[in-house]
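Okay, coords-v9.cif now, which holds mmCIF, C-alpha atoms:
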data_final
#
loop_
_atom_site.label_atom_id
_atom_site.label_comp_id
_atom_site.auth_asym_id
_atom_site.auth_seq_id
_atom_site.Cartn_x
_atom_site.Cartn_y
_atom_site.Cartn_z
CA TYR A 10 0.00 0.00 0.00
CA MET A 11 1.51 3.28 -1.13
CA VAL A 12 0.24 6.67 -0.02
CA VAL A 13 0.63 8.88 -3.09
CA PRO A 14 0.36 12.68 -3.17
CA ARG A 15 -2.34 13.80 -5.58
CA GLY A 16 -0.13 16.23 -7.53
CA VAL A 17 0.66 19.89 -7.93
CA ALA A 18 -1.48 22.17 -5.76
CA LEU A 19 -2.51 25.67 -6.83
CA VAL A 20 -3.48 28.06 -4.04
CA PHE A 21 -5.19 31.33 -4.88
CA GLY A 22 -4.74 34.23 -2.50
CA CYS A 23 -7.56 36.76 -2.07
CA SER A 24 -7.07 40.52 -1.97
CA THR A 25 -8.23 41.28 1.59
CA PHE A 26 -6.84 38.44 3.74
CA PRO A 27 -4.25 36.79 1.48
CA ASN A 28 -2.25 34.82 4.06
CA TRP A 29 -5.15 33.85 6.31
CA ASN A 30 -7.09 32.32 3.44
CA ALA A 31 -4.10 30.72 1.72
CA TYR A 32 -2.47 29.01 4.70
CA PRO A 33 -4.99 26.16 5.20
CA GLY A 34 -4.66 24.88 1.62
CA LEU A 35 -0.93 25.56 1.50
CA PHE A 36 -0.12 23.50 4.59
CA ALA A 37 -2.71 20.78 3.97
CA SER A 38 -1.20 20.13 0.54
CA LEU A 39 2.39 20.20 1.81
CA ALA A 40 1.52 17.84 4.68
CA CYS A 41 0.34 15.31 2.11
CA GLY A 42 3.46 15.63 -0.06
CA ASN A 43 2.09 17.89 -2.79
CA PRO A 44 4.20 20.72 -4.22
CA VAL A 45 2.36 24.04 -4.04
CA ILE A 46 2.18 26.96 -6.46
CA VAL A 47 0.94 30.09 -4.70
CA LYS A 48 -0.96 32.49 -6.95
CA PRO A 49 -1.50 35.81 -5.10
CA HIS A 50 -4.17 38.32 -6.02
CA PRO A 51 -2.60 41.06 -8.21
CA GLY A 52 -3.59 43.62 -5.58
CA ALA A 53 -1.99 41.78 -2.66
CA VAL A 54 1.23 40.11 -3.80
CA LEU A 55 3.62 41.10 -1.01
CA PRO A 56 2.15 39.10 1.93
CA LEU A 57 2.21 35.81 0.04
CA ALA A 58 5.56 36.61 -1.57
CA ILE A 59 7.03 36.90 1.94
CA THR A 60 5.32 33.63 2.92
CA VAL A 61 6.76 31.81 -0.10
CA ALA A 62 10.24 33.21 0.49
CA VAL A 63 10.23 32.01 4.11
CA ALA A 64 8.81 28.61 3.15
CA ARG A 65 11.50 28.08 0.53
CA GLN A 66 14.23 28.98 3.03
CA VAL A 67 12.82 26.58 5.63
CA LEU A 68 12.59 23.76 3.07
CA LYS A 69 16.19 24.36 2.03
CA GLU A 70 17.38 24.30 5.64
CA ALA A 71 15.51 21.01 6.14
CA GLY A 72 17.29 19.42 3.17
CA GLN A 73 14.23 19.53 0.91
CA SER A 74 13.85 21.14 -2.48
CA PRO A 75 12.78 24.75 -2.07
CA ASP A 76 10.80 24.36 -5.28
CA LEU A 77 8.15 22.47 -3.32
CA VAL A 78 6.71 25.98 -2.83
CA SER A 79 6.79 28.58 -5.58
CA LEU A 80 5.14 31.90 -6.42
CA LEU A 81 3.12 32.65 -9.56
CA ALA A 82 2.46 36.38 -9.69
CA ASP A 83 0.56 38.20 -12.41
CA ALA A 84 -0.99 41.61 -13.10
CA ALA A 85 -4.65 42.55 -13.38
CA ASP A 86 -4.23 43.39 -17.06
CA LYS A 87 -2.26 40.21 -17.81
CA PRO A 88 -3.93 37.43 -15.77
CA VAL A 89 -2.63 33.87 -15.76
CA ALA A 90 -5.09 32.35 -13.29
CA ARG A 91 -7.28 30.49 -15.79
CA ASP A 92 -4.37 29.02 -17.74
CA ALA A 93 -2.73 27.85 -14.51
CA ALA A 94 -5.97 26.30 -13.22
CA LEU A 95 -6.43 24.26 -16.41
CA ASN A 96 -2.89 22.87 -16.46
CA PRO A 97 -3.30 19.07 -16.42
CA ASP A 98 -0.56 18.72 -13.79
CA VAL A 99 -2.55 20.84 -11.32
CA ARG A 100 -4.55 18.34 -9.29
CA LEU A 101 -5.52 20.45 -6.27
CA ILE A 102 -6.96 23.98 -6.23
CA ASP A 103 -7.80 26.12 -3.19
CA TYR A 104 -9.65 29.37 -3.83
CA THR A 105 -11.21 32.08 -1.67
CA GLY A 106 -12.89 35.03 -3.33
CA GLY A 107 -15.70 36.11 -5.63
CA GLY A 108 -18.39 33.71 -6.71
CA SER A 109 -18.01 34.10 -10.47
CA PHE A 110 -14.44 32.76 -10.59
CA ALA A 111 -15.31 30.08 -8.04
CA ALA A 112 -18.10 28.88 -10.34
CA TRP A 113 -15.72 28.93 -13.31
CA LEU A 114 -13.16 26.81 -11.45
CA LEU A 115 -15.75 24.23 -10.43
CA GLU A 116 -17.09 24.03 -13.96
CA ASN A 117 -13.81 23.99 -15.89
CA ALA A 118 -10.94 22.71 -13.73
CA ARG A 119 -12.25 19.15 -13.91
CA GLN A 120 -8.79 17.57 -13.58
CA ALA A 121 -8.39 19.00 -10.05
CA ARG A 122 -9.99 18.65 -6.65
CA VAL A 123 -11.32 22.19 -6.18
CA SER A 124 -12.03 23.68 -2.75
CA VAL A 125 -13.75 27.06 -2.80
CA ALA A 126 -14.94 29.58 -0.22
CA GLN A 127 -16.93 32.34 -1.85
CA ALA A 128 -19.64 34.92 -1.31
CA GLY A 129 -22.45 34.40 1.18
CA VAL A 130 -25.08 36.40 3.03
CA ASN A 131 -24.58 36.05 6.77
CA GLY A 132 -27.76 36.63 8.73
CA VAL A 133 -28.62 37.80 12.23
CA VAL A 134 -31.98 37.05 13.86
CA VAL A 135 -32.87 39.35 16.76
CA ASP A 136 -35.81 38.08 18.82
CA SER A 137 -35.06 39.06 22.42
CA THR A 138 -32.13 39.72 24.71
CA ASP A 139 -31.30 40.10 28.39
CA ASP A 140 -28.50 42.59 27.54
CA TYR A 141 -29.78 45.07 24.96
CA ALA A 142 -26.82 47.47 25.21
CA GLY A 143 -24.31 44.60 25.04
CA MET A 144 -26.03 43.17 21.98
CA LEU A 145 -25.92 46.54 20.21
CA ARG A 146 -22.22 46.98 21.00
CA ASN A 147 -21.46 43.50 19.72
CA LEU A 148 -23.42 43.99 16.49
CA ALA A 149 -21.85 47.41 15.92
CA PHE A 150 -18.34 46.02 16.35
CA SER A 151 -19.16 43.10 14.02
CA LEU A 152 -20.36 45.50 11.31
CA CYS A 153 -17.33 47.79 11.64
CA LEU A 154 -14.51 45.25 12.00
CA PHE A 155 -12.18 45.33 8.98
CA SER A 156 -14.79 47.47 7.17
CA GLY A 157 -16.97 44.42 6.64
CA GLN A 158 -14.39 42.84 4.31
CA MET A 159 -14.61 39.38 5.85
CA GLY A 160 -16.60 36.46 4.52
CA THR A 161 -17.92 36.06 8.06
CA THR A 162 -19.23 39.64 8.51
CA PRO A 163 -22.97 39.80 9.30
CA GLN A 164 -25.05 41.63 6.71
CA ALA A 165 -28.81 41.04 7.03
CA ILE A 166 -30.17 41.69 10.55
CA PHE A 167 -33.76 40.45 10.86
CA VAL A 168 -36.04 41.98 13.50
CA PRO A 169 -39.77 41.28 14.06
CA ARG A 170 -42.28 44.02 13.35
CA ASP A 171 -43.72 43.88 16.88
CA GLY A 172 -40.33 44.57 18.41
CA ILE A 173 -37.58 42.93 20.45
CA GLY A 174 -37.99 41.65 23.97
CA THR A 175 -35.65 43.31 26.50
CA PRO A 176 -35.57 43.58 30.32
CA ALA A 177 -36.97 47.13 29.95
CA GLY A 178 -39.82 46.06 27.68
CA ARG A 179 -40.26 45.67 23.95
CA VAL A 180 -38.16 47.77 21.60
CA ALA A 181 -39.85 48.55 18.27
CA SER A 182 -38.02 47.48 15.11
CA GLY A 183 -37.64 51.11 14.02
CA ARG A 184 -36.17 52.07 17.39
CA PHE A 185 -33.74 49.14 17.16
CA GLY A 186 -32.43 50.43 13.82
CA VAL A 187 -31.85 53.88 15.29
CA ASP A 188 -30.18 52.41 18.38
CA LEU A 189 -27.86 50.26 16.26
CA ALA A 190 -26.88 53.31 14.21
CA LEU A 191 -26.13 55.18 17.45
CA ALA A 192 -24.06 52.22 18.73
CA VAL A 193 -21.95 52.33 15.56
CA GLY A 194 -21.43 56.06 16.08
CA GLN A 195 -20.51 55.56 19.73
CA LEU A 196 -17.98 52.87 18.81
CA LEU A 197 -16.35 55.12 16.21
CA ARG A 198 -16.58 58.43 18.09
CA ASP A 199 -12.80 58.66 18.47
CA ASP A 200 -11.18 58.89 15.01
CA PRO A 201 -7.93 56.99 15.81
CA ARG A 202 -9.95 54.18 17.41
CA ALA A 203 -12.28 54.13 14.41
CA MET A 204 -9.39 53.76 12.00
CA ASP A 205 -7.93 50.89 14.02
CA ILE A 206 -11.25 49.02 13.96
CA LEU A 207 -12.19 49.77 10.35
CA GLY A 208 -8.81 49.42 8.70
CA ALA A 209 -8.72 50.39 5.03
CA ILE A 210 -11.02 49.46 2.17
CA GLN A 211 -8.98 47.37 -0.22
CA SER A 212 -10.74 48.03 -3.53
CA PRO A 213 -12.17 51.23 -5.07
CA SER A 214 -15.13 49.14 -6.29
CA THR A 215 -16.09 48.43 -2.67
CA ARG A 216 -16.36 52.13 -1.90
CA ALA A 217 -18.34 52.70 -5.11
CA ARG A 218 -20.73 49.89 -4.14
CA ILE A 219 -21.50 51.53 -0.81
CA GLU A 220 -22.14 54.89 -2.46
CA ALA A 221 -24.54 53.28 -4.93
CA LEU A 222 -26.45 51.45 -2.18
CA ALA A 223 -27.00 54.70 -0.26
CA ALA A 224 -29.70 55.59 -2.79
CA HIS A 225 -31.84 52.61 -1.73
CA GLY A 226 -33.80 51.82 1.40
CA GLU A 227 -34.09 54.05 4.46
CA VAL A 228 -30.68 55.30 5.53
CA LEU A 229 -30.20 54.76 9.26
CA ARG A 230 -26.58 55.83 9.20
CA GLU A 231 -24.64 57.28 6.30
CA SER A 232 -21.17 56.05 5.42
CA GLU A 233 -18.58 58.66 6.40
CA SER A 234 -15.00 58.94 5.18
CA PHE A 235 -11.88 59.56 7.24
CA GLN A 236 -8.36 60.59 6.33
CA HIS A 237 -5.62 58.66 8.07
CA PRO A 238 -2.91 60.95 9.54
CA VAL A 239 -0.11 58.62 8.42
CA TRP A 240 -1.63 57.08 5.27
CA PRO A 241 -3.66 59.92 3.73
CA SER A 242 -4.43 57.94 0.56
CA ALA A 243 -6.01 55.04 2.45
CA ARG A 244 -9.73 54.50 1.78
CA ILE A 245 -11.43 54.59 5.21
CA ALA A 246 -15.20 54.70 5.61
CA THR A 247 -17.75 53.88 8.31
CA PRO A 248 -20.54 51.37 7.61
CA LEU A 249 -23.67 52.29 5.70
CA LEU A 250 -26.74 51.09 7.62
CA LEU A 251 -30.06 50.71 5.78
CA ALA A 252 -33.57 49.76 6.92
CA VAL A 253 -35.48 47.57 4.45
CA GLY A 254 -38.52 45.34 4.37
CA ALA A 255 -38.39 41.57 4.19
CA ASP A 256 -39.74 41.76 0.61
CA GLU A 257 -36.73 43.83 -0.55
CA GLN A 258 -34.49 40.81 -0.97
CA VAL A 259 -33.07 42.32 -4.15
CA LEU A 260 -31.13 44.67 -1.82
CA TYR A 261 -30.08 42.47 1.09
CA GLY A 262 -30.28 39.04 -0.56
CA GLU A 263 -26.79 38.98 -2.06
CA GLU A 264 -23.40 39.65 -0.57
CA ARG A 265 -22.62 43.37 -0.46
CA PHE A 266 -18.92 43.07 0.26
CA GLY A 267 -17.72 45.92 2.45
CA PRO A 268 -19.04 48.18 5.21
CA VAL A 269 -22.82 47.86 4.81
CA GLY A 270 -25.58 46.35 6.95
CA PHE A 271 -29.33 45.94 6.49
CA VAL A 272 -31.94 46.00 9.25
CA VAL A 273 -34.66 43.80 7.75
CA GLU A 274 -38.15 44.11 9.25
CA SER A 275 -40.07 40.83 9.16
CA ALA A 276 -43.57 40.00 10.37
CA THR A 277 -42.43 37.67 13.17
CA THR A 278 -39.34 35.91 14.48
CA VAL A 279 -40.50 32.74 12.74
CA GLU A 280 -40.55 34.67 9.46
CA SER A 281 -37.06 35.96 10.28
CA LEU A 282 -35.80 32.41 10.69
CA ALA A 283 -37.50 31.34 7.46
CA GLY A 284 -35.95 34.30 5.62
CA VAL A 285 -32.50 33.45 6.88
CA GLU A 286 -32.90 29.81 5.87
CA ARG A 287 -33.89 30.82 2.34
CA LEU A 288 -30.79 32.99 2.10
CA VAL A 289 -28.49 30.24 3.36
CA ARG A 290 -29.90 27.71 0.94
CA SER A 291 -29.92 30.01 -2.09
CA ARG A 292 -26.93 32.31 -1.51
CA GLY A 293 -24.93 30.53 1.17
CA ALA A 294 -23.61 31.79 4.49
CA HIS A 295 -20.54 31.24 6.62
CA ASN A 296 -22.38 31.80 9.90
CA LEU A 297 -25.66 32.70 11.55
CA SER A 298 -26.10 34.77 14.71
CA VAL A 299 -29.26 34.57 16.86
CA HIS A 300 -30.25 36.70 19.85
CA THR A 301 -33.07 35.22 21.91
CA THR A 302 -34.02 34.40 25.49
CA ASN A 303 -36.70 31.96 24.26
CA PRO A 304 -35.58 28.29 24.39
CA HIS A 305 -38.11 27.39 21.70
CA VAL A 306 -36.60 29.94 19.30
CA GLN A 307 -33.14 28.55 20.07
CA ASP A 308 -34.37 25.06 19.19
CA LEU A 309 -35.87 26.31 15.92
CA ALA A 310 -32.62 28.11 15.05
CA GLU A 311 -30.51 25.01 15.75
CA GLU A 312 -32.77 22.89 13.56
CA LEU A 313 -32.46 25.53 10.83
CA ALA A 314 -28.67 25.39 11.14
CA TRP A 315 -28.65 21.60 10.75
CA ARG A 316 -30.99 21.65 7.76
CA ALA A 317 -29.25 24.47 5.91
CA GLY A 318 -25.70 23.54 6.92
CA VAL A 319 -24.59 26.73 8.65
CA SER A 320 -22.86 27.32 11.98
CA VAL A 321 -24.92 29.29 14.52
CA SER A 322 -23.91 31.48 17.47
CA PHE A 323 -26.31 32.52 20.23
CA ASN A 324 -26.45 35.71 22.29
CA LEU A 325 -22.97 37.14 21.66
CA THR A 326 -22.85 40.30 23.76
CA GLY A 327 -19.24 40.45 24.96
CA GLY A 328 -15.84 40.38 23.31
CA ALA A 329 -16.55 37.35 21.12
CA VAL A 330 -17.97 38.39 17.75
CA VAL A 331 -19.49 36.23 15.04
CA ASN A 332 -16.90 37.41 12.47
CA LEU A 333 -13.99 35.68 14.14
CA SER A 334 -14.52 32.02 13.40
CA HIS A 335 -10.87 31.29 12.79
CA ALA A 336 -9.71 28.50 10.52
CA PHE A 337 -7.13 27.62 13.16
CA SER A 338 -9.63 27.11 16.00
CA ASP A 339 -12.92 26.41 14.21
CA PHE A 340 -13.92 24.75 10.99
CA HIS A 341 -14.71 28.06 9.20
CA SER A 342 -17.73 27.28 7.01
CA THR A 343 -19.36 23.90 6.89
CA GLY A 344 -18.97 23.07 3.20
CA ALA A 345 -22.69 22.26 3.25
CA ASN A 346 -24.16 25.40 1.67
CA PRO A 347 -23.33 27.52 -1.42
CA ALA A 348 -20.86 29.78 0.42
CA ALA A 349 -18.22 27.02 0.48
CA ASN A 350 -17.86 23.43 -0.69
CA ALA A 351 -15.33 22.55 2.01
CA SER A 352 -14.42 23.28 5.57
CA MET A 353 -10.85 24.48 6.08
CA THR A 354 -9.79 22.23 8.93
CA ASP A 355 -11.75 18.98 8.97
CA ALA A 356 -10.27 15.61 8.04
CA ALA A 357 -11.86 15.62 4.59
CA PHE A 358 -10.06 18.87 3.72
CA VAL A 359 -6.74 17.06 4.19
CA ALA A 360 -7.49 13.44 3.27
CA GLY A 361 -8.52 14.30 -0.28
CA ARG A 362 -4.99 15.47 -1.01
CA PHE A 363 -3.56 11.96 -1.28
CA PHE A 364 -4.71 8.55 -2.44
CA VAL A 365 -3.67 4.98 -1.72
CA VAL A 366 -2.29 2.72 -4.47
CA GLN A 367 -2.24 -1.01 -3.88
CA VAL A 368 0.43 -3.16 -5.52
CA ARG A 369 -0.09 -6.95 -5.52
CA ARG A 370 2.46 -9.59 -6.54
CA PRO A 371 2.12 -13.39 -6.43
CA VAL A 372 4.17 -14.96 -3.65
#

Using structure tokens, write down the structure from this file.
Amino acid sequence: YMVVPRGVALVFGCSTFPNWNAYPGLFASLACGNPVIVKPHPGAVLPLAITVAVARQVLKEAGQSPDLVSLLADAADKPVARDAALNPDVRLIDYTGGGSFAAWLLENARQARVSVAQAGVNGVVVDSTDDYAGMLRNLAFSLCLFSGQMGTTPQAIFVPRDGIGTPAGRVASGRFGVDLALAVGQLLRDDPRAMDILGAIQSPSTRARIEALAAHGEVLRESESFQHPVWPSARIATPLLLAVGADEQVLYGEERFGPVGFVVESATTVESLAGVERLVRSRGAHNLSVHTTNPHVQDLAEELAWRAGVSVSFNLTGGAVVNLSHAFSDFHSTGANPAANASMTDAAFVAGRFFVVQVRRPV
């Protein structure tokens, strides 16, 4: 019985978190004996170039060929990604990024085992809470962190029309939207702190998307720009917060990558859960967040999570936020809904990178 590496692995880096998203595939392939070609995004070459340089040095020091890891860089106007992906020697592909190229890889790179993590619409269901202020702070931080440029950032926040249960009584859905906007403002009231939380917006198209969305829905909080004292050319903007109805899925029902959130008014909490499930099944999601003090609602949400294949977090009001589901401590996506076809750390993510060949001889 011979364990045989599957072949050359091609790892695509994304533009916003190039190392974080590339490391799982890079090390899983190397652990199974596959040489790896790292293809960085044209807008974020340096982080993965440093990674490849260090990896090659470590391999050399260990007596291995440094060419087990190599860098394939290109430019936006001269892309090589499709040609590389279709090379018959490439047998493993790891990709994180936009859905259109993910779909192309799955359709065309038939010679390779393709693992993709792509766009999704992460939902929040707010039913009731025993810490209203803590919930608002947590949601505000989740919306602001890294300017919403994470696949795990919440986007569609569902609230029932008759309001949210709190220790001080019910809070109307409209009041909740205003309070969330105020919580975002309170979090970002100090400019240096705001810049540390928001970071910079990687792509000009992200900023343009937010400006275009501002013309739709009821604006609860406008997106504001900052100038960084050290990096004056950096694109820094606060989240745009919009109030929409549950029937306006054309607005909130697809990933709006960047600093934008939707407060979606539904008829009831049950309708909120049903709306989230539809989004997970049709568009995919990396996580679901639920705020409720009702055990029955928690049971319904857990059953939804099992059916739709999405991880769920309940009542996050402290320092833990739904965004930070790290690949190094959690599975990061389930691989069971359209947002991703693989988890990043389960056994299947690794085991598919080798196969077993049996050789039999008469004795």

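Taken over the shown file, the PyMOL selection byres ((chain A and resi 332) around 7) identifies Ser151, Thr161, Thr162, Val330, Val331, Leu333 and Ser334 of chain A.
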
### Query
Which residues fall under the PyMOL selection byres ((chain A and resi 57) around 12) in this file, as a count of residues only?
37

### Message
So that I can see what lies close to range 122-136 of chain A, please list as number ranges by chain the residues with an atom at most 7 Å from it, counting all atoms listed in the file and leaving out residues fewer than 4 positions away in the same chain.
### Response
A: 100-108, 111, 115, 160-169, 173-174, 262-264, 278, 281-282, 285, 288, 292-301, 348-351

Output C-alpha atoms for every residue in that selection, as a tab-separated table (two decimals), in the frame of the given file.
chain	number	residue	atom	x	y	z
A	100	ARG	CA	-4.55	18.34	-9.29
A	101	LEU	CA	-5.52	20.45	-6.27
A	102	ILE	CA	-6.96	23.98	-6.23
A	103	ASP	CA	-7.80	26.12	-3.19
A	104	TYR	CA	-9.65	29.37	-3.83
A	105	THR	CA	-11.21	32.08	-1.67
A	106	GLY	CA	-12.89	35.03	-3.33
A	107	GLY	CA	-15.70	36.11	-5.63
A	108	GLY	CA	-18.39	33.71	-6.71
A	111	ALA	CA	-15.31	30.08	-8.04
A	115	LEU	CA	-15.75	24.23	-10.43
A	160	GLY	CA	-16.60	36.46	4.52
A	161	THR	CA	-17.92	36.06	8.06
A	162	THR	CA	-19.23	39.64	8.51
A	163	PRO	CA	-22.97	39.80	9.30
A	164	GLN	CA	-25.05	41.63	6.71
A	165	ALA	CA	-28.81	41.04	7.03
A	166	ILE	CA	-30.17	41.69	10.55
A	167	PHE	CA	-33.76	40.45	10.86
A	168	VAL	CA	-36.04	41.98	13.50
A	169	PRO	CA	-39.77	41.28	14.06
A	173	ILE	CA	-37.58	42.93	20.45
A	174	GLY	CA	-37.99	41.65	23.97
A	262	GLY	CA	-30.28	39.04	-0.56
A	263	GLU	CA	-26.79	38.98	-2.06
A	264	GLU	CA	-23.40	39.65	-0.57
A	278	THR	CA	-39.34	35.91	14.48
A	281	SER	CA	-37.06	35.96	10.28
A	282	LEU	CA	-35.80	32.41	10.69
A	285	VAL	CA	-32.50	33.45	6.88
A	288	LEU	CA	-30.79	32.99	2.10
A	292	ARG	CA	-26.93	32.31	-1.51
A	293	GLY	CA	-24.93	30.53	1.17
A	294	ALA	CA	-23.61	31.79	4.49
A	295	HIS	CA	-20.54	31.24	6.62
A	296	ASN	CA	-22.38	31.80	9.90
A	297	LEU	CA	-25.66	32.70	11.55
A	298	SER	CA	-26.10	34.77	14.71
A	299	VAL	CA	-29.26	34.57	16.86
A	300	HIS	CA	-30.25	36.70	19.85
A	301	THR	CA	-33.07	35.22	21.91
A	348	ALA	CA	-20.86	29.78	0.42
A	349	ALA	CA	-18.22	27.02	0.48
A	350	ASN	CA	-17.86	23.43	-0.69
A	351	ALA	CA	-15.33	22.55	2.01

### Query
How far is it from CA of Val99 in chain A to CA of Asn117 in chain A, in Å with one decimal?
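One can read the CA of Val99 in chain A to CA of Asn117 in chain A distance as 12.6 Å.
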
### Task
Identify all residues satisfying the PyMOL selection byres ((chain A and resi 138) around 12) in the given file; provide them as an MDAnalysis selection string.
chainID A and resid 134:137 139:145 172:180 299:304 323:326
